[in-house]
Amino acid sequence: MPRLLQLALLGHPVLRQSAAEVADPGSVEIRELVDDMLFTMTDANGVGIAAPQVHVDKRVVIVASRPNPRYPDAPQMEPTAMINPEIIWRSDETCEGWEGCLSIPGIRGLVPRYKAIRIAYTTFDGTRVEQHFTDFVARVFQHEFDHLEGVSFLDRVVSTRDLMTEKEWLKRNV
Ligand code: ZN
């Protein structure tokens, strides 16, 4: 049974460090971590989660866009676990979109991101996979990837005027 993990909240040092490479992607430890992260993310209505957000200093993220009460307009995709991910290509074009974070409850911010990216990551069986993401899913990936480098979306907001409470944001965007 997957376990509900405690979320690291803004201010915890684990969210401000560069996470460690995973040496053994197929280990039971990593599979259990991914199961627990997915369970914890789903419980919190997230569309992505990074291992540092559950106090684990490892380069593991899950991208799992789907419509939910926190992101009513999110596209549906299969949850994808990505080990040692990297961005291997970025579009010149950027776009702004509102983001939230399970580690920064109650706040939304308008964040510029690359509109399209090509990424690579390792699966449990050790295969290196490349994928192309655009728009919302590209945004989720870039947000989760930032967590592996100790960066939060607040660091990417251009002006503090681009911040809103989640309650106010939901009122304006549903
Ligand atoms: Zn986050």
# chains A, B, ... in the order shown; residues from 1 in each chain; ligands from 1

call {"tool": "residues_near_ligand", "arguments": {"ligand": "ligand 1", "cutoff": "6 Å", "atoms": "only C-alpha atoms and all ligand atoms", "output": "VMD selection string"}}
result
chain A and resid 101 to 103 144

call {"tool": "write_last_selection", "arguments": {"atoms": "all heavy atoms", "output": "PDB file, in the first residue's frame"}}
result
ATOM      1  N   CYS A 101       1.733  25.437  -6.055  1.00  0.00           N
ATOM      2  CA  CYS A 101       2.721  24.455  -5.620  1.00  0.00           C
ATOM      3  C   CYS A 101       2.254  23.829  -4.307  1.00  0.00           C
ATOM      4  O   CYS A 101       1.816  24.553  -3.411  1.00  0.00           O
ATOM      5  CB  CYS A 101       4.068  25.156  -5.433  1.00  0.00           C
ATOM      6  SG  CYS A 101       5.391  24.052  -4.901  1.00  0.00           S
ATOM      7  N   LEU A 102       2.341  22.511  -4.216  1.00  0.00           N
ATOM      8  CA  LEU A 102       1.916  21.820  -2.991  1.00  0.00           C
ATOM      9  C   LEU A 102       2.770  22.245  -1.797  1.00  0.00           C
ATOM     10  O   LEU A 102       2.341  22.109  -0.656  1.00  0.00           O
ATOM     11  CB  LEU A 102       2.001  20.303  -3.180  1.00  0.00           C
ATOM     12  CG  LEU A 102       1.101  19.722  -4.289  1.00  0.00           C
ATOM     13  CD1 LEU A 102       1.275  18.217  -4.362  1.00  0.00           C
ATOM     14  CD2 LEU A 102      -0.356  20.095  -4.071  1.00  0.00           C
ATOM     15  N   SER A 103       3.959  22.783  -2.059  1.00  0.00           N
ATOM     16  CA  SER A 103       4.843  23.226  -0.977  1.00  0.00           C
ATOM     17  C   SER A 103       4.606  24.691  -0.605  1.00  0.00           C
ATOM     18  O   SER A 103       5.233  25.199   0.334  1.00  0.00           O
ATOM     19  CB  SER A 103       6.311  23.040  -1.389  1.00  0.00           C
ATOM     20  OG  SER A 103       6.578  21.670  -1.599  1.00  0.00           O
ATOM     21  N   GLU A 144       8.364  21.187 -11.920  1.00  0.00           N
ATOM     22  CA  GLU A 144       8.888  20.076 -11.111  1.00  0.00           C
ATOM     23  C   GLU A 144      10.412  19.980 -11.241  1.00  0.00           C
ATOM     24  O   GLU A 144      11.117  19.727 -10.263  1.00  0.00           O
ATOM     25  CB  GLU A 144       8.242  18.742 -11.512  1.00  0.00           C
ATOM     26  CG  GLU A 144       6.725  18.693 -11.398  1.00  0.00           C
ATOM     27  CD  GLU A 144       6.180  19.243 -10.094  1.00  0.00           C
ATOM     28  OE1 GLU A 144       6.900  19.206  -9.075  1.00  0.00           O
ATOM     29  OE2 GLU A 144       5.044  19.740 -10.100  1.00  0.00           O
TER      30      GLU A 144
END

call {"tool": "residues_around", "arguments": {"residues": "Ile49 of chain A", "least_positions_apart": "6", "cutoff": "12 Å", "atoms": "only C-alpha atoms", "output": "PyMOL selection string"}}
result
chain A and resi 5+7-8+33-43+55-56+59-65+79-82+100-103+140-148

call {"tool": "write_last_selection", "arguments": {"atoms": "N, CA and C atoms", "output": "CSV table (one decimal), in the first residue's frame"}}
result
chain,number,residue,atom,x,y,z
A,5,LEU,N,2.8,10.7,2.3
A,5,LEU,CA,4.0,11.3,2.8
A,5,LEU,C,3.8,12.8,3.2
A,7,LEU,N,4.4,16.6,3.2
A,7,LEU,CA,4.9,17.6,2.2
A,7,LEU,C,5.9,18.5,2.9
A,8,ALA,N,7.0,18.8,2.2
A,8,ALA,CA,7.9,19.8,2.6
A,8,ALA,C,7.3,21.2,2.2
A,33,LEU,N,9.2,4.9,-3.6
A,33,LEU,CA,9.2,6.4,-3.5
A,33,LEU,C,8.2,6.9,-4.5
A,34,VAL,N,8.2,6.4,-5.8
A,34,VAL,CA,7.3,6.9,-6.8
A,34,VAL,C,5.8,6.6,-6.5
A,35,ASP,N,5.6,5.4,-6.0
A,35,ASP,CA,4.2,5.0,-5.5
A,35,ASP,C,3.7,6.0,-4.5
A,36,ASP,N,4.6,6.3,-3.5
A,36,ASP,CA,4.2,7.1,-2.4
A,36,ASP,C,4.0,8.6,-2.8
A,37,MET,N,4.9,9.0,-3.8
A,37,MET,CA,4.8,10.4,-4.3
A,37,MET,C,3.5,10.6,-5.1
A,38,LEU,N,3.1,9.5,-5.9
A,38,LEU,CA,1.9,9.6,-6.7
A,38,LEU,C,0.7,9.7,-5.8
A,39,PHE,N,0.7,8.8,-4.7
A,39,PHE,CA,-0.4,8.8,-3.8
A,39,PHE,C,-0.6,10.1,-3.1
A,40,THR,N,0.5,10.7,-2.7
A,40,THR,CA,0.6,12.0,-1.9
A,40,THR,C,0.1,13.1,-2.8
A,41,MET,N,0.6,13.1,-4.1
A,41,MET,CA,0.2,14.1,-5.1
A,41,MET,C,-1.3,14.1,-5.4
A,42,THR,N,-1.8,12.9,-5.6
A,42,THR,CA,-3.2,12.7,-5.9
A,42,THR,C,-4.1,13.2,-4.8
A,43,ASP,N,-3.7,12.8,-3.6
A,43,ASP,CA,-4.4,13.2,-2.4
A,43,ASP,C,-4.5,14.8,-2.2
A,55,HIS,N,10.6,15.5,1.1
A,55,HIS,CA,11.8,15.4,1.9
A,55,HIS,C,12.8,14.4,1.4
A,56,VAL,N,12.8,14.1,0.1
A,56,VAL,CA,13.7,13.1,-0.4
A,56,VAL,C,14.6,13.8,-1.4
A,59,ARG,N,16.7,13.0,-7.6
A,59,ARG,CA,16.2,13.5,-8.9
A,59,ARG,C,15.1,12.7,-9.5
A,60,VAL,N,13.9,12.8,-8.9
A,60,VAL,CA,12.7,12.0,-9.3
A,60,VAL,C,11.6,13.0,-9.3
A,61,VAL,N,10.9,13.0,-10.5
A,61,VAL,CA,9.6,13.8,-10.5
A,61,VAL,C,8.5,13.0,-11.1
A,62,ILE,N,7.3,13.4,-10.8
A,62,ILE,CA,6.1,12.8,-11.5
A,62,ILE,C,5.4,14.0,-12.2
A,63,VAL,N,5.0,13.8,-13.4
A,63,VAL,CA,4.2,14.7,-14.2
A,63,VAL,C,2.9,14.0,-14.4
A,64,ALA,N,1.8,14.6,-14.0
A,64,ALA,CA,0.5,13.9,-14.0
A,64,ALA,C,-0.7,14.8,-14.2
A,65,SER,N,-0.6,15.5,-15.3
A,65,SER,CA,-1.7,16.5,-15.6
A,65,SER,C,-3.0,15.9,-15.7
A,79,PRO,N,-0.1,9.5,-15.5
A,79,PRO,CA,1.0,9.9,-14.7
A,79,PRO,C,2.4,9.3,-15.1
A,80,THR,N,3.4,10.1,-15.2
A,80,THR,CA,4.7,9.6,-15.7
A,80,THR,C,5.8,9.9,-14.7
A,81,ALA,N,6.4,8.8,-14.2
A,81,ALA,CA,7.6,9.0,-13.3
A,81,ALA,C,8.8,9.2,-14.1
A,82,MET,N,9.6,10.2,-13.8
A,82,MET,CA,10.8,10.5,-14.5
A,82,MET,C,12.0,10.6,-13.6
A,100,GLY,N,0.7,27.0,-9.1
A,100,GLY,CA,0.6,26.8,-7.7
A,100,GLY,C,1.6,25.7,-7.3
A,101,CYS,N,1.7,25.4,-6.1
A,101,CYS,CA,2.7,24.5,-5.6
A,101,CYS,C,2.3,23.8,-4.3
A,102,LEU,N,2.3,22.5,-4.2
A,102,LEU,CA,1.9,21.8,-3.0
A,102,LEU,C,2.8,22.2,-1.8
A,103,SER,N,4.0,22.8,-2.1
A,103,SER,CA,4.8,23.2,-1.0
A,103,SER,C,4.6,24.7,-0.6
A,140,VAL,N,4.2,22.2,-16.3
A,140,VAL,CA,4.3,21.3,-15.1
A,140,VAL,C,5.7,20.7,-15.0
A,141,PHE,N,6.2,20.2,-16.2
A,141,PHE,CA,7.6,19.6,-16.1
A,141,PHE,C,8.6,20.6,-15.6
A,142,GLN,N,8.6,21.8,-16.2
A,142,GLN,CA,9.6,22.9,-15.9
A,142,GLN,C,9.5,23.2,-14.4
A,143,HIS,N,8.2,23.3,-13.9
A,143,HIS,CA,8.0,23.6,-12.4
A,143,HIS,C,8.7,22.5,-11.6
A,144,GLU,N,8.4,21.2,-11.9
A,144,GLU,CA,8.9,20.1,-11.1
A,144,GLU,C,10.4,20.0,-11.2
A,145,PHE,N,10.9,20.2,-12.4
A,145,PHE,CA,12.4,20.2,-12.7
A,145,PHE,C,13.1,21.2,-11.8
A,146,ASP,N,12.5,22.4,-11.7
A,146,ASP,CA,13.0,23.5,-10.9
A,146,ASP,C,13.2,23.0,-9.4
A,147,HIS,N,12.3,22.2,-8.9
A,147,HIS,CA,12.4,21.7,-7.6
A,147,HIS,C,13.7,20.9,-7.4
A,148,LEU,N,14.2,20.2,-8.4
A,148,LEU,CA,15.4,19.5,-8.3
A,148,LEU,C,16.6,20.4,-8.2

call {"tool": "residues_around", "arguments": {"residues": "Arg156 of chain A", "least_positions_apart": "2", "cutoff": "8 Å", "atoms": "only C-alpha atoms", "output": "list of chain:residue names"}}
result
A:Val111, A:Pro112, A:Ser152, A:Phe153, A:Leu154, A:Val158

call {"tool": "atom_distance", "arguments": {"atom1": "atom CA of Phe133 of chain A", "atom2": "atom CA of Ile117 of chain A"}}
result
5.5 Å

call {"tool": "select_by_dssp", "arguments": {"residues": "segment 45-136 of chain A", "states": "strand (DSSP E or B)", "output": "ChimeraX atom specification"}}
result
/A:48-50,58,60-63,68,71,80-90,94-101,104-114,116-122,128-134

call {"tool": "atom_distance", "arguments": {"atom1": "atom CA of Pro25 of chain A", "atom2": "atom CA of Val137 of chain A"}}
result
23.1 Å

call {"tool": "select_by_dssp", "arguments": {"residues": "chain A", "states": "helix (DSSP H, G or I)", "output": "JSON, numbers by chain"}}
result
{"A": [13, 14, 15, 16, 28, 29, 30, 31, 32, 33, 34, 35, 36, 37, 38, 39, 40, 41, 42, 43, 51, 52, 53, 54, 135, 136, 137, 138, 139, 140, 141, 142, 143, 144, 145, 146, 147, 148, 153, 154, 155, 156, 160, 161, 162, 166, 167, 168, 169, 170, 171, 172, 173]}

call {"tool": "write_last_selection", "arguments": {"atoms": "N, CA and C atoms", "output": "short mmCIF file (atom, residue, chain, number, x, y, z; two decimals), in the first residue's frame"}}
result
data_model
loop_
_atom_site.label_atom_id
_atom_site.label_comp_id
_atom_site.auth_asym_id
_atom_site.auth_seq_id
_atom_site.Cartn_x
_atom_site.Cartn_y
_atom_site.Cartn_z
N PRO A 13 14.78 23.52 4.17
CA PRO A 13 16.02 23.54 3.35
C PRO A 13 16.03 22.52 2.21
N VAL A 14 15.28 21.41 2.33
CA VAL A 14 15.30 20.39 1.26
C VAL A 14 14.79 20.97 -0.06
N LEU A 15 13.99 22.04 0.03
CA LEU A 15 13.44 22.67 -1.18
C LEU A 15 14.42 23.68 -1.80
N ARG A 16 15.57 23.86 -1.15
CA ARG A 16 16.51 24.88 -1.61
C ARG A 16 17.85 24.31 -2.00
N VAL A 28 13.92 -1.11 -5.46
CA VAL A 28 12.65 -1.13 -4.73
C VAL A 28 12.42 0.22 -4.07
N GLU A 29 13.49 0.80 -3.55
CA GLU A 29 13.41 2.10 -2.87
C GLU A 29 12.81 3.17 -3.79
N ILE A 30 13.28 3.21 -5.04
CA ILE A 30 12.79 4.24 -5.98
C ILE A 30 11.35 3.93 -6.41
N ARG A 31 11.05 2.65 -6.65
CA ARG A 31 9.66 2.29 -7.01
C ARG A 31 8.69 2.66 -5.89
N GLU A 32 9.06 2.37 -4.67
CA GLU A 32 8.20 2.71 -3.52
C GLU A 32 8.07 4.22 -3.36
N LEU A 33 9.19 4.91 -3.59
CA LEU A 33 9.16 6.38 -3.51
C LEU A 33 8.16 6.93 -4.52
N VAL A 34 8.20 6.43 -5.76
CA VAL A 34 7.31 6.91 -6.81
C VAL A 34 5.84 6.60 -6.45
N ASP A 35 5.58 5.40 -5.96
CA ASP A 35 4.21 5.04 -5.54
C ASP A 35 3.70 6.00 -4.46
N ASP A 36 4.57 6.26 -3.49
CA ASP A 36 4.18 7.14 -2.38
C ASP A 36 4.01 8.59 -2.85
N MET A 37 4.89 9.03 -3.77
CA MET A 37 4.76 10.39 -4.30
C MET A 37 3.46 10.56 -5.07
N LEU A 38 3.12 9.54 -5.88
CA LEU A 38 1.89 9.61 -6.68
C LEU A 38 0.66 9.67 -5.77
N PHE A 39 0.66 8.84 -4.74
CA PHE A 39 -0.44 8.79 -3.78
C PHE A 39 -0.59 10.15 -3.08
N THR A 40 0.55 10.70 -2.67
CA THR A 40 0.56 11.97 -1.93
C THR A 40 0.11 13.12 -2.84
N MET A 41 0.59 13.09 -4.09
CA MET A 41 0.22 14.12 -5.06
C MET A 41 -1.27 14.08 -5.37
N THR A 42 -1.80 12.87 -5.58
CA THR A 42 -3.21 12.72 -5.93
C THR A 42 -4.09 13.20 -4.77
N ASP A 43 -3.70 12.84 -3.56
CA ASP A 43 -4.44 13.23 -2.36
C ASP A 43 -4.53 14.76 -2.25
N ALA A 51 10.57 14.81 -5.78
CA ALA A 51 10.97 14.10 -4.56
C ALA A 51 11.35 15.06 -3.40
N PRO A 52 12.04 16.18 -3.67
CA PRO A 52 12.35 17.08 -2.54
C PRO A 52 11.09 17.56 -1.80
N GLN A 53 9.95 17.57 -2.50
CA GLN A 53 8.71 18.01 -1.85
C GLN A 53 8.20 17.03 -0.81
N VAL A 54 8.75 15.80 -0.83
CA VAL A 54 8.43 14.83 0.23
C VAL A 54 9.70 14.51 1.02
N ASP A 135 2.98 23.63 -23.85
CA ASP A 135 1.96 24.33 -23.05
C ASP A 135 1.88 23.85 -21.60
N PHE A 136 0.69 23.43 -21.14
CA PHE A 136 0.51 23.16 -19.71
C PHE A 136 1.42 22.04 -19.21
N VAL A 137 1.55 20.97 -19.99
CA VAL A 137 2.38 19.85 -19.54
C VAL A 137 3.86 20.26 -19.52
N ALA A 138 4.28 21.06 -20.49
CA ALA A 138 5.65 21.59 -20.49
C ALA A 138 5.87 22.46 -19.25
N ARG A 139 4.85 23.21 -18.90
CA ARG A 139 4.91 24.07 -17.70
C ARG A 139 5.07 23.23 -16.44
N VAL A 140 4.25 22.17 -16.32
CA VAL A 140 4.32 21.30 -15.13
C VAL A 140 5.72 20.71 -15.03
N PHE A 141 6.25 20.21 -16.16
CA PHE A 141 7.59 19.62 -16.12
C PHE A 141 8.63 20.64 -15.64
N GLN A 142 8.59 21.84 -16.23
CA GLN A 142 9.59 22.86 -15.86
C GLN A 142 9.48 23.22 -14.37
N HIS A 143 8.24 23.26 -13.87
CA HIS A 143 8.02 23.56 -12.45
C HIS A 143 8.65 22.47 -11.57
N GLU A 144 8.36 21.19 -11.92
CA GLU A 144 8.89 20.08 -11.11
C GLU A 144 10.41 19.98 -11.24
N PHE A 145 10.91 20.21 -12.44
CA PHE A 145 12.36 20.16 -12.68
C PHE A 145 13.06 21.22 -11.83
N ASP A 146 12.46 22.39 -11.73
CA ASP A 146 13.02 23.46 -10.89
C ASP A 146 13.22 22.99 -9.45
N HIS A 147 12.27 22.17 -8.94
CA HIS A 147 12.39 21.69 -7.55
C HIS A 147 13.69 20.89 -7.36
N LEU A 148 14.17 20.24 -8.42
CA LEU A 148 15.40 19.45 -8.31
C LEU A 148 16.62 20.36 -8.20
N PHE A 153 8.50 28.36 -7.83
CA PHE A 153 7.89 29.25 -8.83
C PHE A 153 7.94 30.71 -8.40
N LEU A 154 8.04 30.93 -7.09
CA LEU A 154 8.13 32.32 -6.60
C LEU A 154 9.38 33.00 -7.15
N ASP A 155 10.44 32.21 -7.35
CA ASP A 155 11.70 32.77 -7.88
C ASP A 155 11.56 33.18 -9.34
N ARG A 156 10.54 32.67 -10.03
CA ARG A 156 10.35 32.93 -11.46
C ARG A 156 9.30 34.00 -11.74
N THR A 160 5.87 40.93 -7.81
CA THR A 160 5.02 40.45 -6.71
C THR A 160 3.55 40.74 -7.00
N ARG A 161 3.29 41.64 -7.95
CA ARG A 161 1.90 41.89 -8.34
C ARG A 161 1.32 40.74 -9.14
N ASP A 162 2.19 39.81 -9.56
CA ASP A 162 1.73 38.62 -10.27
C ASP A 162 1.44 37.47 -9.31
N GLU A 166 -4.93 31.52 -3.77
CA GLU A 166 -5.58 30.47 -4.57
C GLU A 166 -7.09 30.68 -4.62
N LYS A 167 -7.65 31.13 -3.50
CA LYS A 167 -9.10 31.35 -3.43
C LYS A 167 -9.53 32.39 -4.47
N GLU A 168 -8.78 33.47 -4.55
CA GLU A 168 -9.10 34.55 -5.51
C GLU A 168 -8.88 34.05 -6.94
N TRP A 169 -7.80 33.28 -7.16
CA TRP A 169 -7.49 32.76 -8.48
C TRP A 169 -8.62 31.85 -8.98
N LEU A 170 -9.08 30.95 -8.11
CA LEU A 170 -10.14 30.01 -8.51
C LEU A 170 -11.43 30.76 -8.84
N LYS A 171 -11.69 31.85 -8.12
CA LYS A 171 -12.87 32.66 -8.37
C LYS A 171 -12.83 33.25 -9.79
N ARG A 172 -11.61 33.60 -10.24
CA ARG A 172 -11.45 34.28 -11.51
C ARG A 172 -11.23 33.35 -12.68
N ASN A 173 -10.90 32.10 -12.40
CA ASN A 173 -10.50 31.20 -13.50
C ASN A 173 -11.38 29.97 -13.68
#

call {"tool": "atom_distance", "arguments": {"atom1": "atom CA of Ser18 of chain A", "atom2": "atom CA of Pro75 of chain A"}}
result
29.3 Å

call {"tool": "closest_residue", "arguments": {"among": "A:Met164, A:Leu4, A:Val157, A:Ile87", "to": "Arg108 of chain A", "atoms": "only C-alpha atoms"}}
result
A:Met164

call {"tool": "closest_residue", "arguments": {"among": "A:Glu93, A:Asp73, A:Asp57, A:Glu86", "to": "Thr122 of chain A", "atoms": "only C-alpha atoms"}}
result
A:Glu86
